[in-house]
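Asker: Sharing entry36.pdb, PDB, C-alpha atoms, pLDDT in the B column:
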```
ATOM      1  CA  MET K   1      21.917  24.625-106.708  1.00 60.00           C
ATOM      2  CA  LEU K   2      20.070  22.827-103.922  1.00 58.00           C
ATOM      3  CA  LYS K   3      22.439  19.881-104.308  1.00 61.00           C
ATOM      4  CA  LYS K   4      25.440  22.178-103.659  1.00 58.00           C
ATOM      5  CA  TYR K   5      23.886  23.518-100.476  1.00 55.00           C
ATOM      6  CA  LEU K   6      23.078  20.024 -99.243  1.00 52.00           C
ATOM      7  CA  ILE K   7      26.667  18.961 -99.835  1.00 60.00           C
ATOM      8  CA  ILE K   8      27.938  22.033 -98.006  1.00 64.00           C
ATOM      9  CA  LEU K   9      25.644  21.286 -95.062  1.00 55.00           C
ATOM     10  CA  LEU K  10      26.740  17.642 -95.023  1.00 56.00           C
ATOM     11  CA  LEU K  11      30.393  18.616 -95.091  1.00 58.00           C
ATOM     12  CA  GLY K  12      29.887  21.210 -92.383  1.00 60.00           C
ATOM     13  CA  ALA K  13      28.286  18.630 -90.124  1.00 55.00           C
ATOM     14  CA  CYS K  14      31.008  16.065 -90.825  1.00 50.00           C
ATOM     15  CA  TRP K  15      34.027  18.384 -90.637  1.00 49.00           C
ATOM     16  CA  PRO K  16      34.602  18.124 -86.864  1.00 47.00           C
ATOM     17  CA  MET K  17      34.390  14.319 -87.029  1.00 42.00           C
ATOM     18  CA  SER K  18      36.796  14.035 -89.964  1.00 40.00           C
ATOM     19  CA  TYR K  19      39.231  16.524 -88.451  1.00 43.00           C
ATOM     20  CA  ALA K  20      39.278  14.791 -85.080  1.00 40.00           C
ATOM     21  CA  SER K  21      39.680  11.311 -86.526  1.00 39.00           C
ATOM     22  CA  GLY K  22      42.250  12.338 -89.139  1.00 40.00           C
ATOM     23  CA  GLU K  23      40.091  11.057 -92.027  1.00 38.00           C
ATOM     24  CA  GLU K  24      40.180  12.781 -95.375  1.00 39.00           C
ATOM     25  CA  LEU K  25      37.141  14.935 -96.059  1.00 40.00           C
ATOM     26  CA  THR K  26      36.348  12.990 -99.217  1.00 42.00           C
ATOM     27  CA  GLU K  27      36.016   9.782 -97.184  1.00 35.00           C
ATOM     28  CA  VAL K  28      33.367  11.372 -94.973  1.00 42.00           C
ATOM     29  CA  SER K  29      31.353  12.650 -97.926  1.00 54.00           C
ATOM     30  CA  GLN K  30      29.684   9.220 -98.204  1.00 64.00           C
ATOM     31  CA  GLY K  31      29.827   8.767-101.953  1.00 74.00           C
ATOM     32  CA  PHE K  32      29.554  12.420-102.974  1.00 81.00           C
ATOM     33  CA  GLU K  33      32.354  13.523-105.239  1.00 89.00           C
ATOM     34  CA  ILE K  34      33.431  17.005-104.174  1.00 92.00           C
ATOM     35  CA  THR K  35      34.278  19.243-107.116  1.00 95.00           C
ATOM     36  CA  VAL K  36      34.488  22.983-107.619  1.00 96.00           C
ATOM     37  CA  ASN K  37      34.579  24.876-110.900  1.00 98.00           C
ATOM     38  CA  ILE K  38      37.134  27.583-110.187  1.00 97.00           C
ATOM     39  CA  ASN K  39      35.850  29.636-113.125  1.00 98.00           C
ATOM     40  CA  THR K  40      32.304  29.943-111.811  1.00 97.00           C
ATOM     41  CA  ALA K  41      32.327  29.219-108.055  1.00 97.00           C
ATOM     42  CA  SER K  42      31.907  31.973-105.504  1.00 98.00           C
ATOM     43  CA  ALA K  43      34.597  32.641-102.929  1.00 98.00           C
ATOM     44  CA  GLU K  44      32.370  31.112-100.257  1.00 98.00           C
ATOM     45  CA  GLU K  45      31.959  27.878-102.242  1.00 97.00           C
ATOM     46  CA  MET K  46      35.698  27.554-102.845  1.00 98.00           C
ATOM     47  CA  ALA K  47      36.523  28.290 -99.204  1.00 97.00           C
ATOM     48  CA  THR K  48      34.100  25.597 -98.099  1.00 96.00           C
ATOM     49  CA  LEU K  49      34.949  22.880-100.615  1.00 96.00           C
ATOM     50  CA  LEU K  50      38.675  23.256-101.307  1.00 97.00           C
ATOM     51  CA  GLN K  51      41.223  22.041 -98.797  1.00 96.00           C
ATOM     52  CA  GLY K  52      43.650  24.650 -97.493  1.00 96.00           C
ATOM     53  CA  ILE K  53      41.681  27.524 -99.033  1.00 97.00           C
ATOM     54  CA  GLY K  54      40.127  29.962 -96.627  1.00 97.00           C
ATOM     55  CA  LEU K  55      37.864  32.850 -97.501  1.00 98.00           C
ATOM     56  CA  GLN K  56      40.735  35.291 -98.037  1.00 98.00           C
ATOM     57  CA  LYS K  57      42.521  33.025-100.551  1.00 98.00           C
ATOM     58  CA  ALA K  58      39.221  32.178-102.227  1.00 98.00           C
ATOM     59  CA  GLN K  59      38.501  35.891-102.658  1.00 98.00           C
ATOM     60  CA  ALA K  60      41.967  36.302-104.199  1.00 98.00           C
ATOM     61  CA  ILE K  61      41.102  33.535-106.693  1.00 98.00           C
ATOM     62  CA  VAL K  62      37.874  35.306-107.663  1.00 98.00           C
ATOM     63  CA  GLU K  63      39.661  38.669-108.010  1.00 98.00           C
ATOM     64  CA  TYR K  64      42.371  37.101-110.174  1.00 98.00           C
ATOM     65  CA  ARG K  65      39.707  35.463-112.357  1.00 98.00           C
ATOM     66  CA  GLU K  66      37.843  38.757-112.762  1.00 98.00           C
ATOM     67  CA  GLN K  67      41.011  40.651-113.722  1.00 98.00           C
ATOM     68  CA  ASN K  68      42.647  38.006-115.942  1.00 97.00           C
ATOM     69  CA  GLY K  69      39.807  35.936-117.316  1.00 97.00           C
ATOM     70  CA  ALA K  70      38.989  32.276-116.871  1.00 97.00           C
ATOM     71  CA  PHE K  71      41.569  29.767-115.726  1.00 98.00           C
ATOM     72  CA  THR K  72      42.606  27.524-118.614  1.00 97.00           C
ATOM     73  CA  ASN K  73      44.236  24.823-116.465  1.00 97.00           C
ATOM     74  CA  LYS K  74      44.583  23.929-112.808  1.00 97.00           C
ATOM     75  CA  ASP K  75      48.180  25.101-112.644  1.00 96.00           C
ATOM     76  CA  ASP K  76      47.033  28.667-113.380  1.00 97.00           C
ATOM     77  CA  LEU K  77      45.952  28.815-109.721  1.00 97.00           C
ATOM     78  CA  ILE K  78      49.629  29.117-108.774  1.00 97.00           C
ATOM     79  CA  LYS K  79      49.575  32.588-110.326  1.00 97.00           C
ATOM     80  CA  VAL K  80      47.237  33.690-107.515  1.00 97.00           C
ATOM     81  CA  LYS K  81      49.128  35.174-104.585  1.00 95.00           C
ATOM     82  CA  GLY K  82      49.022  32.784-101.632  1.00 94.00           C
ATOM     83  CA  ILE K  83      48.272  29.660-103.683  1.00 97.00           C
ATOM     84  CA  GLY K  84      51.146  27.223-104.106  1.00 97.00           C
ATOM     85  CA  ARG K  85      51.833  23.938-105.814  1.00 97.00           C
ATOM     86  CA  ALA K  86      51.010  21.937-102.649  1.00 97.00           C
ATOM     87  CA  THR K  87      47.534  23.472-102.432  1.00 97.00           C
ATOM     88  CA  VAL K  88      46.825  22.767-106.101  1.00 98.00           C
ATOM     89  CA  ASN K  89      48.073  19.179-105.728  1.00 97.00           C
ATOM     90  CA  LYS K  90      45.974  18.642-102.614  1.00 96.00           C
ATOM     91  CA  ASN K  91      42.846  19.730-104.496  1.00 97.00           C
ATOM     92  CA  ASP K  92      43.673  18.241-107.887  1.00 96.00           C
ATOM     93  CA  LYS K  93      40.656  15.913-107.995  1.00 95.00           C
ATOM     94  CA  ARG K  94      38.291  18.621-106.732  1.00 96.00           C
ATOM     95  CA  ILE K  95      39.196  21.363-109.198  1.00 97.00           C
ATOM     96  CA  LEU K  96      37.121  21.689-112.367  1.00 96.00           C
ATOM     97  CA  LEU K  97      37.460  24.215-115.162  1.00 94.00           C
TER      98      LEU K  97
END
```
Mind turning this structure into structure tokens?
Answerer:
Amino acid sequence: MLKKYLIILLLGACWPMSYASGEELTEVSQGFEITVNINTASAEEMATLLQGIGLQKAQAIVEYREQNGAFTNKDDLIKVKGIGRATVNKNDKRILL
């Protein structure tokens, strides 16, 4: 759990630099592989670690998961209102089940 918080702090500190320079967030993570288990992560974790997912969309993911059960594949995220194919593709390497 401590490792997750350290990664979040590192990403938070690096976000303005990566955004301003146009670098991908994964390049700034300095060797850390960013992954999120969409079946267990909190809305706050998903909003922080997934690209193009804010808190509102992350909360919709959690609500969908609670109502419909665990996601069985990454493409199931498209069933969540506000999540499209482009968002899933952008986060393909980050999403775990």
Asker: Tell me, in Å to one decimal, how far CA of Thr72 in chain K is from CA of Leu55 in chain K.
Answerer: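 Interatomic distance, CA of Thr72 in chain K to CA of Leu55 in chain K: 22.3 Å.
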Asker: Please work out which residues fall within 9 Å of (34.9, 25.2, -115.4), coordinates as given in the file, with all atoms listed in the file counting, and return them as JSON, numbers by chain.
Answerer: {"K": [36, 37, 38, 39, 40, 41, 70, 71, 72, 95, 96, 97]}
Asker: Suppose you want the space between CA of Asn89 in chain K and CA of Thr35 in chain K; what is it in Å?
Answerer: 13.9 Å
Asker: So which residues get picked by the PyMOL selection byres ((chain K and resi 60-66) around 10) here, written as JSON, numbers by chain?
Answerer: {"K": [38, 39, 40, 41, 42, 43, 46, 53, 55, 56, 57, 58, 59, 67, 68, 69, 70, 71, 77, 78, 79, 80, 81, 82, 83]}
Asker: Between K:Gly31, K:Arg85, K:Lys74, K:Lys90, single out the one closest to Leu50 in chain K, counting only C-alpha atoms.
Answerer: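 Ranking K:Gly31, K:Arg85, K:Lys74, K:Lys90 by distance to Leu50 in chain K, first place goes to K:Lys90.
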Asker: Please complete range 55-66 of chain K with all heavy atoms and give it back as a PDB file, in the frame of the given file.
Answerer:
```
ATOM      1  N   LEU K  55      38.627  31.824 -96.801  1.00 98.00           N
ATOM      2  CA  LEU K  55      37.864  32.850 -97.501  1.00 98.00           C
ATOM      3  C   LEU K  55      38.775  33.895 -98.154  1.00 98.00           C
ATOM      4  O   LEU K  55      38.526  34.331 -99.277  1.00 98.00           O
ATOM      5  CB  LEU K  55      36.855  33.518 -96.562  1.00 98.00           C
ATOM      6  CG  LEU K  55      35.851  34.442 -97.221  1.00 98.00           C
ATOM      7  CD1 LEU K  55      35.088  33.731 -98.349  1.00 98.00           C
ATOM      8  CD2 LEU K  55      34.879  34.991 -96.207  1.00 98.00           C
ATOM      9  N   GLN K  56      39.840  34.271 -97.490  1.00 98.00           N
ATOM     10  CA  GLN K  56      40.735  35.291 -98.037  1.00 98.00           C
ATOM     11  C   GLN K  56      41.403  34.800 -99.332  1.00 98.00           C
ATOM     12  O   GLN K  56      41.444  35.528-100.332  1.00 98.00           O
ATOM     13  CB  GLN K  56      41.793  35.682 -97.004  1.00 98.00           C
ATOM     14  CG  GLN K  56      42.645  36.855 -97.425  1.00 98.00           C
ATOM     15  CD  GLN K  56      43.566  37.323 -96.318  1.00 98.00           C
ATOM     16  OE1 GLN K  56      43.717  36.672 -95.291  1.00 98.00           O
ATOM     17  NE2 GLN K  56      44.192  38.459 -96.518  1.00 98.00           N
ATOM     18  N   LYS K  57      41.904  33.574 -99.335  1.00 98.00           N
ATOM     19  CA  LYS K  57      42.521  33.025-100.551  1.00 98.00           C
ATOM     20  C   LYS K  57      41.469  32.812-101.637  1.00 98.00           C
ATOM     21  O   LYS K  57      41.736  33.039-102.816  1.00 98.00           O
ATOM     22  CB  LYS K  57      43.242  31.712-100.255  1.00 98.00           C
ATOM     23  CG  LYS K  57      44.537  31.893 -99.504  1.00 98.00           C
ATOM     24  CD  LYS K  57      45.251  30.571 -99.321  1.00 98.00           C
ATOM     25  CE  LYS K  57      46.500  30.748 -98.487  1.00 98.00           C
ATOM     26  NZ  LYS K  57      47.181  29.457 -98.274  1.00 98.00           N
ATOM     27  N   ALA K  58      40.297  32.382-101.253  1.00 98.00           N
ATOM     28  CA  ALA K  58      39.221  32.178-102.227  1.00 98.00           C
ATOM     29  C   ALA K  58      38.838  33.506-102.878  1.00 98.00           C
ATOM     30  O   ALA K  58      38.588  33.567-104.083  1.00 98.00           O
ATOM     31  CB  ALA K  58      38.017  31.530-101.557  1.00 98.00           C
ATOM     32  N   GLN K  59      38.807  34.570-102.102  1.00 98.00           N
ATOM     33  CA  GLN K  59      38.501  35.891-102.658  1.00 98.00           C
ATOM     34  C   GLN K  59      39.603  36.331-103.620  1.00 98.00           C
ATOM     35  O   GLN K  59      39.329  36.953-104.645  1.00 98.00           O
ATOM     36  CB  GLN K  59      38.314  36.907-101.539  1.00 98.00           C
ATOM     37  CG  GLN K  59      37.017  36.701-100.791  1.00 98.00           C
ATOM     38  CD  GLN K  59      36.896  37.555 -99.531  1.00 98.00           C
ATOM     39  OE1 GLN K  59      37.886  37.962 -98.942  1.00 98.00           O
ATOM     40  NE2 GLN K  59      35.663  37.800 -99.121  1.00 98.00           N
ATOM     41  N   ALA K  60      40.854  35.974-103.297  1.00 98.00           N
ATOM     42  CA  ALA K  60      41.967  36.302-104.199  1.00 98.00           C
ATOM     43  C   ALA K  60      41.826  35.546-105.524  1.00 98.00           C
ATOM     44  O   ALA K  60      42.139  36.085-106.591  1.00 98.00           O
ATOM     45  CB  ALA K  60      43.297  35.962-103.532  1.00 98.00           C
ATOM     46  N   ILE K  61      41.339  34.313-105.472  1.00 98.00           N
ATOM     47  CA  ILE K  61      41.102  33.535-106.693  1.00 98.00           C
ATOM     48  C   ILE K  61      40.041  34.221-107.550  1.00 98.00           C
ATOM     49  O   ILE K  61      40.209  34.381-108.766  1.00 98.00           O
ATOM     50  CB  ILE K  61      40.685  32.088-106.359  1.00 98.00           C
ATOM     51  CG1 ILE K  61      41.853  31.337-105.710  1.00 98.00           C
ATOM     52  CG2 ILE K  61      40.202  31.358-107.608  1.00 98.00           C
ATOM     53  CD1 ILE K  61      41.474  29.988-105.116  1.00 98.00           C
ATOM     54  N   VAL K  62      38.949  34.639-106.928  1.00 98.00           N
ATOM     55  CA  VAL K  62      37.874  35.306-107.663  1.00 98.00           C
ATOM     56  C   VAL K  62      38.376  36.621-108.269  1.00 98.00           C
ATOM     57  O   VAL K  62      38.106  36.921-109.435  1.00 98.00           O
ATOM     58  CB  VAL K  62      36.644  35.549-106.755  1.00 98.00           C
ATOM     59  CG1 VAL K  62      35.614  36.433-107.439  1.00 98.00           C
ATOM     60  CG2 VAL K  62      36.024  34.223-106.335  1.00 98.00           C
ATOM     61  N   GLU K  63      39.134  37.400-107.509  1.00 98.00           N
ATOM     62  CA  GLU K  63      39.661  38.669-108.010  1.00 98.00           C
ATOM     63  C   GLU K  63      40.600  38.438-109.192  1.00 98.00           C
ATOM     64  O   GLU K  63      40.535  39.157-110.199  1.00 98.00           O
ATOM     65  CB  GLU K  63      40.380  39.423-106.892  1.00 98.00           C
ATOM     66  CG  GLU K  63      39.440  39.989-105.850  1.00 98.00           C
ATOM     67  CD  GLU K  63      40.164  40.580-104.655  1.00 98.00           C
ATOM     68  OE1 GLU K  63      41.399  40.817-104.738  1.00 98.00           O
ATOM     69  OE2 GLU K  63      39.508  40.801-103.622  1.00 98.00           O
ATOM     70  N   TYR K  64      41.465  37.423-109.077  1.00 98.00           N
ATOM     71  CA  TYR K  64      42.371  37.101-110.174  1.00 98.00           C
ATOM     72  C   TYR K  64      41.573  36.726-111.424  1.00 98.00           C
ATOM     73  O   TYR K  64      41.871  37.185-112.524  1.00 98.00           O
ATOM     74  CB  TYR K  64      43.305  35.955-109.778  1.00 98.00           C
ATOM     75  CG  TYR K  64      44.324  35.625-110.847  1.00 98.00           C
ATOM     76  CD1 TYR K  64      45.570  36.236-110.848  1.00 98.00           C
ATOM     77  CD2 TYR K  64      44.027  34.737-111.873  1.00 98.00           C
ATOM     78  CE1 TYR K  64      46.499  35.962-111.843  1.00 98.00           C
ATOM     79  CE2 TYR K  64      44.933  34.452-112.871  1.00 98.00           C
ATOM     80  CZ  TYR K  64      46.175  35.066-112.855  1.00 98.00           C
ATOM     81  OH  TYR K  64      47.093  34.796-113.836  1.00 98.00           O
ATOM     82  N   ARG K  65      40.559  35.906-111.250  1.00 98.00           N
ATOM     83  CA  ARG K  65      39.707  35.463-112.357  1.00 98.00           C
ATOM     84  C   ARG K  65      39.013  36.652-113.020  1.00 98.00           C
ATOM     85  O   ARG K  65      38.919  36.730-114.248  1.00 98.00           O
ATOM     86  CB  ARG K  65      38.694  34.465-111.801  1.00 98.00           C
ATOM     87  CG  ARG K  65      37.701  33.907-112.784  1.00 98.00           C
ATOM     88  CD  ARG K  65      36.786  32.912-112.116  1.00 98.00           C
ATOM     89  NE  ARG K  65      35.786  33.591-111.290  1.00 98.00           N
ATOM     90  CZ  ARG K  65      35.129  33.031-110.287  1.00 98.00           C
ATOM     91  NH1 ARG K  65      35.356  31.780-109.947  1.00 98.00           N
ATOM     92  NH2 ARG K  65      34.246  33.710-109.604  1.00 98.00           N
ATOM     93  N   GLU K  66      38.538  37.587-112.220  1.00 98.00           N
ATOM     94  CA  GLU K  66      37.843  38.757-112.762  1.00 98.00           C
ATOM     95  C   GLU K  66      38.790  39.671-113.533  1.00 98.00           C
ATOM     96  O   GLU K  66      38.415  40.276-114.530  1.00 98.00           O
ATOM     97  CB  GLU K  66      37.155  39.524-111.638  1.00 98.00           C
ATOM     98  CG  GLU K  66      35.959  38.791-111.065  1.00 98.00           C
ATOM     99  CD  GLU K  66      35.375  39.455-109.831  1.00 98.00           C
ATOM    100  OE1 GLU K  66      35.994  40.401-109.279  1.00 98.00           O
ATOM    101  OE2 GLU K  66      34.286  39.010-109.392  1.00 98.00           O
TER     102      GLU K  66
END
```
